[in-house]
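**Student:** Sharing a structure with you now.
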Amino acid sequence: NAGVMQNPRHLVRRRGQEARLRCSPVKGHSHVYWYRQLPEEGLKFMVYLQKENIIDESGMPKERFSAEFPKEGPSILRIQQVVRGDSAAYFCASSPVLLRESNQPQHFGDGTRLSIL
Amino acid sequence: TQLLEQSPQFLSIQEGENLTVYCNSSSVFSSLQWYRQEPGEGPVLLVTVVTGGEVKKLKRLTFQFGDARKDSSLHITAAQPGDTGLYLCAGRTGAGSYQLTFGKGTKLSVIP
């Protein structure tokens with residue numbers, strides 16, 4: 001999965017702490033998508049961002065979760081006051097253009113495995 | 001509600017055998033993609049199908065999109081240990097949709 005870089009690859013947090021997950025899209029891509037994969041489940045869409053804008057956050061829990069994609073730097077998925085149920089693999093994907101304008105795929109990173117103790 | 005059902009959930013076969021995995025839904029998709037995901041890595045796109053009835057081949061892998069664009073299948077001929085992995089189908093429900101809806105996947109093990 002050359003291109004989309006996610007870090008850290010593994011993150012361990014205690015209940016109540018904050019988790020910050022970072023995603024650097026493929027160079028030149030301005031659209032970022034975050035997905036969550038629970039054990040034995042498929043990937044579930046969370047949020048879609050363009051530079052400095054949240055376009056669709058319909059898949060993101062209303063509380064404790066937030067995402068940003070600043071003009072400079074990586075996209076950040078932030079989870080406050082983590083609970084055990086937040087344990088999952090979080091994947092970031094990027095695309096160069098708005099997908100409805102092309103058939104180009106989303107390129108996925110290798111994910112961050114979040115474990116809550 | 002699981003929009004995309006994949007079957008079987010697990011499949012273990014001997015090297016050299018053929019296999020087919022399925023992706024079914026009651027919804028119509030404007031396009032459908034198949035990914036392979038290996039442990040500790042992200043999904044890697046194998047193919048995108050767009051037209052009902054479309055068949056695409058990628059070496060030993062054959063992908064078919066149902067005529068009604070509600071289902072798809074992946075057929076692997078003469079499976080090899082390197083084919084081992086989690087196969088995911090994902091669909092878009094509208095031409096203007098960027099959200100991918102994923103199935104839970106089929107975990108394939110090919111035994112040497």
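Letters A, B, ... go to the chains of the structure tokens in the order shown; residues in each chain start at 1; ligands are counted from 1 in the same order.
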Near range 57-62 of chain A, counting only C-alpha atoms, which residues have an atom at most 9 Å away, once you skip same-chain residues fewer than 2 positions from it, shown as a list in words?

**Tutor:**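 Here the answer would be Tyr35, Lys44, Phe45, Met46, Val47, Tyr48, Leu49, Ile54, Ile55, Arg64, Phe65, Ser66 and Ala67 of chain A.
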
**Student:** Please identify which residues in range 13-99 of chain A DSSP calls strand (DSSP E or B) from the backbone, and express them as a ChimeraX atom specification.

**Tutor:** /A:13,19-24,31-37,43-50,53-56,65-68,75-79,88-95

**Student:** Which residues of chain B sit at most 7 Å from chain A, using only C-alpha atoms? Give each one's shortest atom pair and distance in Å (one decimal place), in chain and ascending residue order, as a tab-separated table.

**Tutor:**
residue	atom	partner	partner_atom	distance
B:Gly40	CA	A:Asp110	CA	6.8
B:Glu41	CA	A:Asp110	CA	4.3
B:Gly42	CA	A:Asp110	CA	4.1
B:Pro43	CA	A:Phe108	CA	6.2
B:Val44	CA	A:Asn1	CA	7.0
B:Ala95	CA	A:Arg100	CA	5.9
B:Gly96	CA	A:Arg100	CA	4.7
B:Ser97	CA	A:Arg100	CA	6.3
B:Tyr98	CA	A:Leu99	CA	5.6
B:Gln99	CA	A:Phe45	CA	6.6
B:Leu100	CA	A:Phe45	CA	6.9
B:Thr101	CA	A:Lys44	CA	6.9
B:Phe102	CA	A:Gly42	CA	5.5
B:Gly103	CA	A:Gly42	CA	5.3
B:Lys104	CA	A:Gly42	CA	3.9
B:Gly105	CA	A:Gly42	CA	6.6

**Student:** Create the file for the chosen residues now, containing C-alpha atoms and written as a PDB file, in the first residue's frame.

**Tutor:**
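Dumped everything to result.pdb:
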ATOM      1  CA  GLY B  40      -1.761  -6.273   9.343  1.00  0.00           C
ATOM      2  CA  GLU B  41      -2.266  -4.473   6.066  1.00  0.00           C
ATOM      3  CA  GLY B  42      -4.903  -2.375   4.359  1.00  0.00           C
ATOM      4  CA  PRO B  43      -7.196  -3.529   1.545  1.00  0.00           C
ATOM      5  CA  VAL B  44      -5.657  -3.608  -1.902  1.00  0.00           C
ATOM      6  CA  ALA B  95     -23.082   7.355  -9.136  1.00  0.00           C
ATOM      7  CA  GLY B  96     -22.639  10.342  -6.877  1.00  0.00           C
ATOM      8  CA  SER B  97     -21.721   8.278  -3.843  1.00  0.00           C
ATOM      9  CA  TYR B  98     -18.193   8.191  -2.514  1.00  0.00           C
ATOM     10  CA  GLN B  99     -18.971   5.980   0.464  1.00  0.00           C
ATOM     11  CA  LEU B 100     -17.865   2.404   0.065  1.00  0.00           C
ATOM     12  CA  THR B 101     -20.066  -0.189   1.760  1.00  0.00           C
ATOM     13  CA  PHE B 102     -18.027  -3.262   2.596  1.00  0.00           C
ATOM     14  CA  GLY B 103     -18.997  -6.855   3.169  1.00  0.00           C
ATOM     15  CA  LYS B 104     -17.444  -8.767   6.072  1.00  0.00           C
ATOM     16  CA  GLY B 105     -15.215 -10.692   3.725  1.00  0.00           C
TER      17      GLY B 105
END

**Student:** Give me, as a list in words, all polymer residues having an atom no more than 9 Å from range 74-79 of chain A, counting only C-alpha atoms and skipping those fewer than 4 positions away in the same chain.

**Tutor:**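 Once the nearby chain positions are removed, what remains is Gln17, Glu18, Ala19, Arg20, Leu21, Arg22, Cys23, Ser24, Pro25, Val32, Trp34, Leu49, Lys51, Glu63, Arg64, Phe65, Ser66, Ala67, Glu68, Phe69, Pro70, Asp86 and Cys92 of chain A.
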
**Student:** DSSP on the backbone, helix (DSSP H, G or I) only: what residues of chain A does that give? Format it as number ranges by chain.

**Tutor:** A: 84-86, 99-101

**Student:** How far is it from CA of Ala79 in chain B to CA of Asn18 in chain B, in Å with one decimal?

**Tutor:**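 About the pair CA of Ala79 in chain B and CA of Asn18 in chain B: they are 6.0 Å apart.
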
**Student:** Which residues come within 8 Å of Ser31 in chain B, counting only C-alpha atoms, excluding same-chain residues fewer than 5 positions away, as a ChimeraX atom specification?

**Tutor:** /B:48-51,69,91-93,95
